[in-house]
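Printed here is data.cif (mmCIF, C-alpha atoms; chains and numbers go by the auth columns):
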```
data_protein
#
loop_
_atom_site.group_PDB
_atom_site.id
_atom_site.type_symbol
_atom_site.label_atom_id
_atom_site.label_comp_id
_atom_site.label_asym_id
_atom_site.label_seq_id
_atom_site.Cartn_x
_atom_site.Cartn_y
_atom_site.Cartn_z
_atom_site.B_iso_or_equiv
_atom_site.auth_seq_id
_atom_site.auth_asym_id
ATOM 1 C CA THR A 1 64.794 39.919 -64.699 0.00 1 A
ATOM 2 C CA PRO A 2 66.944 37.997 -67.219 0.00 2 A
ATOM 3 C CA ALA A 3 64.994 35.535 -69.361 0.00 3 A
ATOM 4 C CA THR A 4 66.800 34.315 -72.469 0.00 4 A
ATOM 5 C CA TYR A 5 69.238 35.315 -75.216 0.00 5 A
ATOM 6 C CA MET A 6 69.907 35.057 -78.949 0.00 6 A
ATOM 7 C CA LEU A 7 73.353 34.144 -80.289 0.00 7 A
ATOM 8 C CA ALA A 8 74.784 34.809 -83.744 0.00 8 A
ATOM 9 C CA LEU A 9 78.159 33.137 -84.205 0.00 9 A
ATOM 10 C CA SER A 10 80.364 33.584 -87.313 0.00 10 A
ATOM 11 C CA LEU A 11 83.395 31.282 -87.200 0.00 11 A
ATOM 12 C CA PRO A 12 86.629 31.641 -89.218 0.00 12 A
ATOM 13 C CA ALA A 13 88.508 28.519 -90.312 0.00 13 A
ATOM 14 C CA GLN A 14 91.118 28.693 -87.540 0.00 14 A
ATOM 15 C CA ILE A 15 88.503 28.133 -84.804 0.00 15 A
ATOM 16 C CA ASP A 16 88.773 24.503 -83.707 0.00 16 A
ATOM 17 C CA ILE A 17 86.669 22.121 -81.630 0.00 17 A
ATOM 18 C CA ASP A 18 88.632 22.839 -78.449 0.00 18 A
ATOM 19 C CA TRP A 19 87.797 26.546 -78.708 0.00 19 A
ATOM 20 C CA LEU A 20 84.131 25.723 -79.311 0.00 20 A
ATOM 21 C CA ARG A 21 84.002 23.430 -76.277 0.00 21 A
ATOM 22 C CA ALA A 22 85.532 26.129 -74.069 0.00 22 A
ATOM 23 C CA PHE A 23 83.150 28.749 -75.474 0.00 23 A
ATOM 24 C CA ALA A 24 80.135 26.522 -74.857 0.00 24 A
ATOM 25 C CA ALA A 25 81.331 25.818 -71.314 0.00 25 A
ATOM 26 C CA GLY A 26 81.551 29.553 -70.668 0.00 26 A
ATOM 27 C CA LEU A 27 78.018 30.059 -71.958 0.00 27 A
ATOM 28 C CA ALA A 28 76.815 27.237 -69.719 0.00 28 A
ATOM 29 C CA GLU A 29 78.306 29.005 -66.687 0.00 29 A
ATOM 30 C CA ASP A 30 76.613 32.272 -67.636 0.00 30 A
ATOM 31 C CA GLN A 31 73.281 30.524 -68.176 0.00 31 A
ATOM 32 C CA GLN A 32 73.551 28.982 -64.735 0.00 32 A
ATOM 33 C CA ASP A 33 74.596 32.238 -63.051 0.00 33 A
ATOM 34 C CA PHE A 34 71.833 34.342 -64.606 0.00 34 A
ATOM 35 C CA GLY A 35 69.097 31.726 -64.902 0.00 35 A
ATOM 36 C CA ILE A 36 68.738 32.139 -68.666 0.00 36 A
ATOM 37 C CA SER A 37 68.641 29.847 -71.698 0.00 37 A
ATOM 38 C CA LEU A 38 69.535 30.090 -75.380 0.00 38 A
ATOM 39 C CA LEU A 39 66.434 30.946 -77.414 0.00 39 A
ATOM 40 C CA GLY A 40 67.949 30.704 -80.888 0.00 40 A
ATOM 41 C CA GLY A 41 70.109 32.544 -83.389 0.00 41 A
ATOM 42 C CA ASP A 42 72.476 31.535 -86.169 0.00 42 A
ATOM 43 C CA THR A 43 75.866 29.840 -86.600 0.00 43 A
ATOM 44 C CA THR A 44 77.823 30.319 -89.828 0.00 44 A
ATOM 45 C CA ALA A 45 81.323 30.205 -91.284 0.00 45 A
ATOM 46 C CA THR A 46 83.081 33.410 -92.301 0.00 46 A
ATOM 47 C CA PRO A 47 86.210 34.239 -94.337 0.00 47 A
ATOM 48 C CA GLY A 48 86.704 37.202 -92.008 0.00 48 A
ATOM 49 C CA VAL A 49 87.298 37.501 -88.275 0.00 49 A
ATOM 50 C CA LEU A 50 85.452 35.812 -85.435 0.00 50 A
ATOM 51 C CA SER A 51 82.139 37.552 -84.733 0.00 51 A
ATOM 52 C CA ILE A 52 79.929 36.959 -81.689 0.00 52 A
ATOM 53 C CA ALA A 53 76.654 38.878 -81.346 0.00 53 A
ATOM 54 C CA ILE A 54 74.414 38.282 -78.325 0.00 54 A
ATOM 55 C CA THR A 55 71.026 39.885 -77.667 0.00 55 A
ATOM 56 C CA ALA A 56 69.863 39.361 -74.078 0.00 56 A
ATOM 57 C CA LEU A 57 66.157 39.577 -73.256 0.00 57 A
ATOM 58 C CA GLY A 58 64.444 40.099 -69.922 0.00 58 A
ATOM 59 C CA HIS A 59 61.205 41.067 -68.224 0.00 59 A
ATOM 60 C CA VAL A 60 59.993 44.017 -66.169 0.00 60 A
ATOM 61 C CA PRO A 61 56.572 44.376 -64.514 0.00 61 A
ATOM 62 C CA ALA A 62 54.151 46.186 -66.831 0.00 62 A
ATOM 63 C CA GLY A 63 54.309 49.950 -66.493 0.00 63 A
ATOM 64 C CA SER A 64 57.252 49.968 -64.081 0.00 64 A
ATOM 65 C CA MET A 65 60.299 50.254 -66.352 0.00 65 A
ATOM 66 C CA ILE A 66 62.705 52.960 -65.190 0.00 66 A
ATOM 67 C CA ARG A 67 63.273 55.191 -68.199 0.00 67 A
ATOM 68 C CA ARG A 68 65.889 57.794 -69.050 0.00 68 A
ATOM 69 C CA ALA A 69 63.365 60.612 -69.170 0.00 69 A
ATOM 70 C CA GLY A 70 62.299 60.761 -65.529 0.00 70 A
ATOM 71 C CA ALA A 71 65.035 62.839 -63.863 0.00 71 A
ATOM 72 C CA LYS A 72 63.730 65.912 -62.020 0.00 72 A
ATOM 73 C CA ILE A 73 65.438 69.081 -60.803 0.00 73 A
ATOM 74 C CA GLY A 74 66.621 68.446 -57.242 0.00 74 A
ATOM 75 C CA ASP A 75 67.128 64.716 -57.726 0.00 75 A
ATOM 76 C CA VAL A 76 70.311 63.102 -56.428 0.00 76 A
ATOM 77 C CA VAL A 77 72.610 61.234 -58.848 0.00 77 A
ATOM 78 C CA TYR A 78 73.935 57.843 -57.744 0.00 78 A
ATOM 79 C CA VAL A 79 76.149 55.130 -59.165 0.00 79 A
ATOM 80 C CA THR A 80 76.827 51.561 -58.079 0.00 80 A
ATOM 81 C CA GLY A 81 80.221 49.965 -57.503 0.00 81 A
ATOM 82 C CA THR A 82 83.378 51.665 -58.749 0.00 82 A
ATOM 83 C CA LEU A 83 83.946 53.378 -62.080 0.00 83 A
ATOM 84 C CA GLY A 84 86.811 53.343 -64.556 0.00 84 A
ATOM 85 C CA ASP A 85 88.001 49.824 -63.754 0.00 85 A
ATOM 86 C CA ALA A 86 87.138 48.421 -67.180 0.00 86 A
ATOM 87 C CA GLY A 87 88.922 51.324 -68.858 0.00 87 A
ATOM 88 C CA GLY A 88 91.892 50.652 -66.606 0.00 88 A
ATOM 89 C CA GLY A 89 91.782 46.988 -67.577 0.00 89 A
ATOM 90 C CA LEU A 90 91.789 47.896 -71.266 0.00 90 A
ATOM 91 C CA ALA A 91 94.786 50.175 -70.643 0.00 91 A
ATOM 92 C CA CYS A 92 96.582 47.246 -69.004 0.00 92 A
ATOM 93 C CA VAL A 93 95.782 44.971 -71.946 0.00 93 A
ATOM 94 C CA LYS A 94 97.280 47.640 -74.209 0.00 94 A
ATOM 95 C CA GLY A 95 100.528 47.649 -72.206 0.00 95 A
ATOM 96 C CA LYS A 96 100.054 50.355 -69.569 0.00 96 A
ATOM 97 C CA GLY A 97 100.316 49.860 -65.822 0.00 97 A
ATOM 98 C CA GLY A 98 103.720 48.203 -65.847 0.00 98 A
ATOM 99 C CA SER A 99 104.363 49.303 -62.252 0.00 99 A
ATOM 100 C CA LEU A 100 101.160 47.707 -60.930 0.00 100 A
ATOM 101 C CA SER A 101 101.206 44.538 -58.871 0.00 101 A
ATOM 102 C CA VAL A 102 100.037 41.318 -60.492 0.00 102 A
ATOM 103 C CA ALA A 103 96.935 41.398 -58.288 0.00 103 A
ATOM 104 C CA ASP A 104 96.005 44.941 -59.382 0.00 104 A
ATOM 105 C CA ARG A 105 96.458 44.120 -63.055 0.00 105 A
ATOM 106 C CA ARG A 106 94.377 40.958 -62.751 0.00 106 A
ATOM 107 C CA TYR A 107 91.611 42.849 -60.948 0.00 107 A
ATOM 108 C CA LEU A 108 91.382 45.573 -63.587 0.00 108 A
ATOM 109 C CA VAL A 109 91.604 43.207 -66.552 0.00 109 A
ATOM 110 C CA ARG A 110 88.921 40.971 -65.039 0.00 110 A
ATOM 111 C CA ARG A 111 86.642 43.991 -64.566 0.00 111 A
ATOM 112 C CA PHE A 112 87.119 44.736 -68.266 0.00 112 A
ATOM 113 C CA GLN A 113 86.713 41.192 -69.556 0.00 113 A
ATOM 114 C CA LEU A 114 84.029 39.915 -67.154 0.00 114 A
ATOM 115 C CA PRO A 115 81.676 42.696 -66.000 0.00 115 A
ATOM 116 C CA GLU A 116 79.028 41.793 -63.428 0.00 116 A
ATOM 117 C CA PRO A 117 75.687 43.572 -63.977 0.00 117 A
ATOM 118 C CA ARG A 118 73.864 44.690 -60.817 0.00 118 A
ATOM 119 C CA LEU A 119 70.669 42.802 -61.596 0.00 119 A
ATOM 120 C CA GLN A 120 69.388 42.386 -58.053 0.00 120 A
ATOM 121 C CA LEU A 121 69.670 46.069 -57.182 0.00 121 A
ATOM 122 C CA GLY A 122 68.348 47.085 -60.591 0.00 122 A
ATOM 123 C CA ALA A 123 65.061 45.334 -59.869 0.00 123 A
ATOM 124 C CA MET A 124 64.910 46.861 -56.389 0.00 124 A
ATOM 125 C CA LEU A 125 65.211 50.398 -57.796 0.00 125 A
ATOM 126 C CA ILE A 126 61.725 50.163 -59.299 0.00 126 A
ATOM 127 C CA GLY A 127 59.661 52.746 -57.458 0.00 127 A
ATOM 128 C CA LEU A 128 62.785 54.450 -56.062 0.00 128 A
ATOM 129 C CA ALA A 129 64.781 55.713 -59.049 0.00 129 A
ATOM 130 C CA SER A 130 63.372 58.435 -61.297 0.00 130 A
ATOM 131 C CA ALA A 131 65.703 57.659 -64.228 0.00 131 A
ATOM 132 C CA SER A 132 68.369 55.033 -64.841 0.00 132 A
ATOM 133 C CA LEU A 133 70.759 53.387 -67.293 0.00 133 A
ATOM 134 C CA ASP A 134 73.939 51.345 -67.226 0.00 134 A
ATOM 135 C CA VAL A 135 77.418 52.818 -67.667 0.00 135 A
ATOM 136 C CA SER A 136 78.485 51.280 -70.961 0.00 136 A
ATOM 137 C CA ASP A 137 79.802 54.231 -72.999 0.00 137 A
ATOM 138 C CA GLY A 138 81.180 56.246 -70.058 0.00 138 A
ATOM 139 C CA LEU A 139 79.554 57.977 -67.079 0.00 139 A
ATOM 140 C CA LEU A 140 79.364 61.443 -68.658 0.00 140 A
ATOM 141 C CA ALA A 141 78.214 60.160 -72.043 0.00 141 A
ATOM 142 C CA ASP A 142 75.519 57.950 -70.541 0.00 142 A
ATOM 143 C CA LEU A 143 74.267 60.561 -68.082 0.00 143 A
ATOM 144 C CA GLY A 144 74.062 62.842 -71.099 0.00 144 A
ATOM 145 C CA HIS A 145 71.253 60.605 -72.368 0.00 145 A
ATOM 146 C CA ILE A 146 69.319 61.131 -69.118 0.00 146 A
ATOM 147 C CA ALA A 147 69.984 64.878 -69.180 0.00 147 A
ATOM 148 C CA GLY A 148 68.868 65.181 -72.789 0.00 148 A
ATOM 149 C CA THR A 149 65.685 63.140 -72.561 0.00 149 A
ATOM 150 C CA SER A 150 64.745 64.635 -69.160 0.00 150 A
ATOM 151 C CA ASP A 151 65.562 68.211 -70.277 0.00 151 A
ATOM 152 C CA VAL A 152 67.779 68.882 -67.246 0.00 152 A
ATOM 153 C CA ARG A 153 71.433 69.475 -66.356 0.00 153 A
ATOM 154 C CA ILE A 154 73.424 66.937 -64.377 0.00 154 A
ATOM 155 C CA ALA A 155 76.376 68.114 -62.282 0.00 155 A
ATOM 156 C CA ILE A 156 78.841 65.426 -61.166 0.00 156 A
ATOM 157 C CA GLU A 157 81.347 66.068 -58.366 0.00 157 A
ATOM 158 C CA ALA A 158 84.570 64.390 -59.517 0.00 158 A
ATOM 159 C CA PRO A 159 85.967 63.703 -56.000 0.00 159 A
ATOM 160 C CA ARG A 160 82.803 61.730 -55.177 0.00 160 A
ATOM 161 C CA ILE A 161 83.147 59.280 -58.084 0.00 161 A
ATOM 162 C CA PRO A 162 83.881 55.885 -56.453 0.00 162 A
ATOM 163 C CA LEU A 163 87.262 54.475 -57.491 0.00 163 A
ATOM 164 C CA SER A 164 88.935 51.181 -56.719 0.00 164 A
ATOM 165 C CA PRO A 165 92.377 51.135 -55.051 0.00 165 A
ATOM 166 C CA ALA A 166 93.778 49.427 -58.164 0.00 166 A
ATOM 167 C CA LEU A 167 92.589 52.241 -60.424 0.00 167 A
ATOM 168 C CA ARG A 168 94.031 54.873 -58.082 0.00 168 A
ATOM 169 C CA ARG A 169 97.400 53.160 -58.343 0.00 169 A
ATOM 170 C CA LEU A 170 97.127 52.902 -62.144 0.00 170 A
ATOM 171 C CA TRP A 171 96.433 56.643 -62.523 0.00 171 A
ATOM 172 C CA PRO A 172 98.382 58.434 -59.740 0.00 172 A
ATOM 173 C CA ASN A 173 97.607 61.849 -61.258 0.00 173 A
ATOM 174 C CA GLU A 174 94.270 62.928 -59.745 0.00 174 A
ATOM 175 C CA ALA A 175 92.993 64.899 -62.744 0.00 175 A
ATOM 176 C CA GLU A 176 93.782 62.069 -65.166 0.00 176 A
ATOM 177 C CA ARG A 177 92.218 59.583 -62.757 0.00 177 A
ATOM 178 C CA PHE A 178 88.865 61.325 -62.486 0.00 178 A
ATOM 179 C CA VAL A 179 88.553 62.159 -66.181 0.00 179 A
ATOM 180 C CA SER A 180 89.388 58.550 -67.049 0.00 180 A
ATOM 181 C CA ALA A 181 86.835 57.191 -64.581 0.00 181 A
ATOM 182 C CA ALA A 182 84.161 59.595 -65.839 0.00 182 A
ATOM 183 C CA THR A 183 84.667 58.807 -69.540 0.00 183 A
ATOM 184 C CA ALA A 184 85.716 55.145 -69.717 0.00 184 A
ATOM 185 C CA GLY A 185 82.986 52.664 -70.592 0.00 185 A
ATOM 186 C CA ASP A 186 82.272 48.948 -70.153 0.00 186 A
ATOM 187 C CA ASP A 187 81.834 49.039 -66.366 0.00 187 A
ATOM 188 C CA TYR A 188 78.090 48.242 -66.657 0.00 188 A
ATOM 189 C CA GLU A 189 77.420 49.783 -63.266 0.00 189 A
ATOM 190 C CA ILE A 190 74.029 51.449 -62.751 0.00 190 A
ATOM 191 C CA ALA A 191 73.834 55.243 -62.862 0.00 191 A
ATOM 192 C CA PHE A 192 70.502 56.592 -61.667 0.00 192 A
ATOM 193 C CA THR A 193 68.683 59.596 -60.260 0.00 193 A
ATOM 194 C CA ALA A 194 66.223 59.640 -57.371 0.00 194 A
ATOM 195 C CA PRO A 195 64.417 62.159 -55.161 0.00 195 A
ATOM 196 C CA ALA A 196 66.524 63.261 -52.202 0.00 196 A
ATOM 197 C CA HIS A 197 63.994 61.948 -49.685 0.00 197 A
ATOM 198 C CA ARG A 198 64.504 58.375 -50.987 0.00 198 A
ATOM 199 C CA ARG A 199 68.174 58.307 -49.928 0.00 199 A
ATOM 200 C CA GLY A 200 67.558 56.026 -46.961 0.00 200 A
ATOM 201 C CA ASP A 201 65.471 53.587 -49.000 0.00 201 A
ATOM 202 C CA ILE A 202 68.154 53.424 -51.682 0.00 202 A
ATOM 203 C CA MET A 203 70.914 52.679 -49.193 0.00 203 A
ATOM 204 C CA GLN A 204 68.740 50.010 -47.578 0.00 204 A
ATOM 205 C CA ALA A 205 68.140 48.399 -50.978 0.00 205 A
ATOM 206 C CA ALA A 206 71.861 48.531 -51.768 0.00 206 A
ATOM 207 C CA ALA A 207 72.698 46.797 -48.498 0.00 207 A
ATOM 208 C CA ALA A 208 70.116 44.092 -49.195 0.00 208 A
ATOM 209 C CA ALA A 209 71.601 43.572 -52.670 0.00 209 A
ATOM 210 C CA HIS A 210 75.177 43.548 -51.262 0.00 210 A
ATOM 211 C CA THR A 211 76.055 46.399 -53.619 0.00 211 A
ATOM 212 C CA THR A 212 77.750 49.699 -52.846 0.00 212 A
ATOM 213 C CA VAL A 213 75.985 52.879 -53.976 0.00 213 A
ATOM 214 C CA SER A 214 77.604 56.321 -54.036 0.00 214 A
ATOM 215 C CA GLU A 215 76.017 59.758 -54.268 0.00 215 A
ATOM 216 C CA ILE A 216 77.957 61.638 -56.940 0.00 216 A
ATOM 217 C CA GLY A 217 75.942 64.691 -57.997 0.00 217 A
ATOM 218 C CA ARG A 218 72.706 66.584 -58.493 0.00 218 A
ATOM 219 C CA VAL A 219 70.123 67.255 -61.164 0.00 219 A
ATOM 220 C CA THR A 220 69.725 70.990 -61.803 0.00 220 A
ATOM 221 C CA ALA A 221 68.062 73.327 -64.267 0.00 221 A
ATOM 222 C CA GLY A 222 69.840 73.645 -67.603 0.00 222 A
ATOM 223 C CA LYS A 223 71.226 71.261 -70.173 0.00 223 A
ATOM 224 C CA GLY A 224 74.039 68.742 -70.516 0.00 224 A
ATOM 225 C CA VAL A 225 76.418 67.143 -68.030 0.00 225 A
ATOM 226 C CA ALA A 226 79.248 68.845 -66.143 0.00 226 A
ATOM 227 C CA LEU A 227 82.172 67.318 -64.240 0.00 227 A
ATOM 228 C CA LEU A 228 83.086 69.576 -61.303 0.00 228 A
ATOM 229 C CA ASP A 229 86.214 69.732 -59.159 0.00 229 A
ATOM 230 C CA SER A 230 86.211 70.109 -55.356 0.00 230 A
ATOM 231 C CA ALA A 231 85.827 73.899 -55.679 0.00 231 A
ATOM 232 C CA GLY A 232 82.813 73.598 -57.966 0.00 232 A
ATOM 233 C CA PHE A 233 84.611 74.585 -61.166 0.00 233 A
ATOM 234 C CA GLU A 234 83.945 72.596 -64.321 0.00 234 A
ATOM 235 C CA ILE A 235 86.718 70.225 -65.416 0.00 235 A
ATOM 236 C CA PRO A 236 87.230 70.359 -69.203 0.00 236 A
ATOM 237 C CA VAL A 237 86.624 66.982 -70.842 0.00 237 A
ATOM 238 C CA GLY A 238 87.506 66.449 -74.476 0.00 238 A
ATOM 239 C CA GLN A 239 85.313 63.432 -75.196 0.00 239 A
ATOM 240 C CA PRO A 240 82.697 62.305 -72.632 0.00 240 A
ATOM 241 C CA GLY A 241 82.797 58.659 -73.644 0.00 241 A
ATOM 242 C CA PHE A 242 82.705 56.114 -76.439 0.00 242 A
ATOM 243 C CA VAL A 243 81.388 57.335 -79.789 0.00 243 A
ATOM 244 C CA HIS A 244 79.616 54.580 -81.753 0.00 244 A
ATOM 245 C CA PHE A 245 79.876 56.117 -85.209 0.00 245 A
#
```
Target format C-alpha cells, applied to this file:
Amino acid sequence: TPATYMLALSLPAQIDIDWLRAFAAGLAEDQQDFGISLLGGDTTATPGVLSIAITALGHVPAGSMIRRAGAKIGDVVYVTGTLGDAGGGLACVKGKGGSLSVADRRYLVRRFQLPEPRLQLGAMLIGLASASLDVSDGLLADLGHIAGTSDVRIAIEAPRIPLSPALRRLWPNEAERFVSAATAGDDYEIAFTAPAHRRGDIMQAAAAAHTTVSEIGRVTAGKGVALLDSAGFEIPVGQPGFVHF
C-alpha cells in the first residue's frame, strides 16, 4: 500500500518557474491518484543536468511480504498486462516505428513515459503468489532474480507472453517481437509464481482488480531462465535485460 515518498531535485539554471509549476502539478496528480504525500528530501541547484530522484515508501502487513525466494518446482509463472510496450515506446522516441499509426505510437510512448503499477492486484496476491517482483529490467532478467534466490529454473513459453496490438505492429518479425518483449524493461508489470492449484483464485483476483493476468511458463528443477519457442526449443537471447553497471 503506497504511503509517502522522498524527492531529491537538482535544478540547472535553464529550469524556469513555468517548468517547476508544471512539475509540481504532475506530482499533485500522482499524489491524488496513489493517495501519497511528500515526506521530505532536498532541492538544490546544479551546474550539470536536471536530476530527479524519488524514493517511494509503502506498507505491507507484517510477515506477509511476497519475496523473490519462494518459487517452488511445479509452480506456474504469471505476468500482468502486456510486456514490451515500454521498450517499444523507447524505440519510437528514438525514431523507430515510422510506419505505425499516430494512435499506436502514442500508446507505446505513453506506456514508456507513464507506467501504471498494478497496486490493487499486488496486494491481492498476498497468500496466493509464492514469489513476485515487478518487470523493471526485463522479464528474463527479473525472473532470473527469482530463479537465483529460489534455486530453481524458470521456463518461459515465448508465444504465451502477452503482447499489445501496437507492439505486434511495431515488430512484425515474430522472433524479434518475442525477444524484445522478454528483455525490454520499464513495463512495471507484476511477474509472479504460484502453485498450480491457485489458478482459479488468481484469475478471480485479477478480475476483481480489473487487470489481465497471463500464464507464461513453469518453475522446474535446475538453474536460470529459458525462453522457449512453440516446439519447446530454447531461443538464444544475447542480453536478458537492462544491466545497471
Picked residues, the PyMOL selection byres ((chain A and resi 131) around 9), expected as a PyMOL selection string: chain A and resi 66-72+129-130+132-133+146+150+191-194
Which residue of A:Asp229, A:Leu121, A:Asp187, A:Ser180 approaches Ala207 of chain A most closely, using all atoms listed in the file: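 Closest candidate: A:Leu121.
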Explicit residue set for the PyMOL selection byres ((chain A and resi 241) around 6), as a list in words: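 Evaluating the PyMOL selection byres ((chain A and resi 241) around 6) on this file yields Asp137, Gly138, Ala141, Thr183, Gln239, Pro240 and Phe242 of chain A.
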Using C-alpha atoms, can you write the selected residues to a file as a tab-separated table (two decimals), in the frame of the given file?
```tsv
chain	number	residue	atom	x	y	z
A	137	ASP	CA	79.80	54.23	-73.00
A	138	GLY	CA	81.18	56.25	-70.06
A	141	ALA	CA	78.21	60.16	-72.04
A	183	THR	CA	84.67	58.81	-69.54
A	239	GLN	CA	85.31	63.43	-75.20
A	240	PRO	CA	82.70	62.30	-72.63
A	242	PHE	CA	82.70	56.11	-76.44
```
Distance criterion (only C-alpha atoms): nearest to Gly224 of chain A out of A:Val60, A:Ile156, A:Leu170, A:Val243: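 Nearest candidate to Gly224 of chain A out of A:Val60, A:Ile156, A:Leu170, A:Val243: A:Ile156.
Atom CA of Asp134 of chain A sits 16.4 Å away from atom CA of His59 of chain A.
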To box segment 64-75 of chain A, take all atoms listed in the file, fit an axis-aligned box, add 5 Å on each side, and give centre and edge lengths in Å to one decimal, as JSON.
```
{"center_x": 62.2, "center_y": 59.5, "center_z": -63.2, "size_x": 19.9, "size_y": 29.1, "size_z": 21.9}
```
Which of A:Gly87, A:Gly26, A:Gly97, A:Gly35 sits closest to Pro172 of chain A [using all atoms listed in the file]: A:Gly97
Selection dump of the PyMOL selection byres ((chain A and resi 178) around 12), as an MDAnalysis selection string: chainID A and resid 82:85 87:88 138:140 156:164 167:168 170:177 179:184 227:230 235:237 240
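Atom CA of Ile54 of chain A lies 10.5 Å from atom CA of Asp42 of chain A.
Among the candidates A:Ala155, A:Val213, A:Leu11, A:Ala103, the one nearest to Arg118 of chain A when counting only C-alpha atoms is A:Val213.
For the set A:Gly127, A:Gly148, A:Gly185, A:Gly232, the residue with the smallest atom-to-atom gap to Gly63 of chain A is A:Gly127, counting only C-alpha atoms.
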Complete segment 219-225 of chain A with all heavy atoms (output as an mmCIF file, in the frame of the given file).
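Once everything was written out, this is rebuild-v3.cif:
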```cif
data_model
loop_
_atom_site.group_PDB
_atom_site.id
_atom_site.type_symbol
_atom_site.label_atom_id
_atom_site.label_comp_id
_atom_site.auth_asym_id
_atom_site.auth_seq_id
_atom_site.Cartn_x
_atom_site.Cartn_y
_atom_site.Cartn_z
ATOM 1 N N VAL A 219 70.833 66.843 -59.958
ATOM 2 C CA VAL A 219 70.123 67.255 -61.164
ATOM 3 C C VAL A 219 69.692 68.705 -60.967
ATOM 4 O O VAL A 219 69.084 69.045 -59.944
ATOM 5 C CB VAL A 219 68.890 66.363 -61.418
ATOM 6 C CG1 VAL A 219 68.140 66.848 -62.655
ATOM 7 C CG2 VAL A 219 69.313 64.902 -61.582
ATOM 8 N N THR A 220 70.034 69.563 -61.909
ATOM 9 C CA THR A 220 69.725 70.990 -61.803
ATOM 10 C C THR A 220 69.032 71.472 -63.071
ATOM 11 O O THR A 220 68.870 70.718 -64.040
ATOM 12 C CB THR A 220 71.006 71.814 -61.587
ATOM 13 O OG1 THR A 220 71.835 71.719 -62.763
ATOM 14 C CG2 THR A 220 71.797 71.310 -60.391
ATOM 15 N N ALA A 221 68.632 72.725 -63.062
ATOM 16 C CA ALA A 221 68.062 73.327 -64.267
ATOM 17 C C ALA A 221 69.178 73.566 -65.279
ATOM 18 O O ALA A 221 70.320 73.863 -64.927
ATOM 19 C CB ALA A 221 67.370 74.640 -63.917
ATOM 20 N N GLY A 222 68.861 73.437 -66.555
ATOM 21 C CA GLY A 222 69.840 73.645 -67.603
ATOM 22 C C GLY A 222 69.908 72.469 -68.549
ATOM 23 O O GLY A 222 68.957 71.691 -68.662
ATOM 24 N N LYS A 223 71.055 72.331 -69.201
ATOM 25 C CA LYS A 223 71.226 71.261 -70.173
ATOM 26 C C LYS A 223 72.617 70.646 -70.044
ATOM 27 O O LYS A 223 73.561 71.289 -69.590
ATOM 28 C CB LYS A 223 71.033 71.780 -71.605
ATOM 29 C CG LYS A 223 69.626 72.285 -71.896
ATOM 30 C CD LYS A 223 69.482 72.703 -73.333
ATOM 31 C CE LYS A 223 68.062 73.202 -73.630
ATOM 32 N NZ LYS A 223 67.057 72.143 -73.385
ATOM 33 N N GLY A 224 72.748 69.406 -70.444
ATOM 34 C CA GLY A 224 74.039 68.742 -70.516
ATOM 35 C C GLY A 224 74.515 68.168 -69.193
ATOM 36 O O GLY A 224 73.782 68.112 -68.207
ATOM 37 N N VAL A 225 75.777 67.753 -69.196
ATOM 38 C CA VAL A 225 76.418 67.143 -68.030
ATOM 39 C C VAL A 225 77.731 67.865 -67.771
ATOM 40 O O VAL A 225 78.489 68.142 -68.708
ATOM 41 C CB VAL A 225 76.686 65.642 -68.251
ATOM 42 C CG1 VAL A 225 77.352 65.029 -67.032
ATOM 43 C CG2 VAL A 225 75.390 64.907 -68.559
#
```
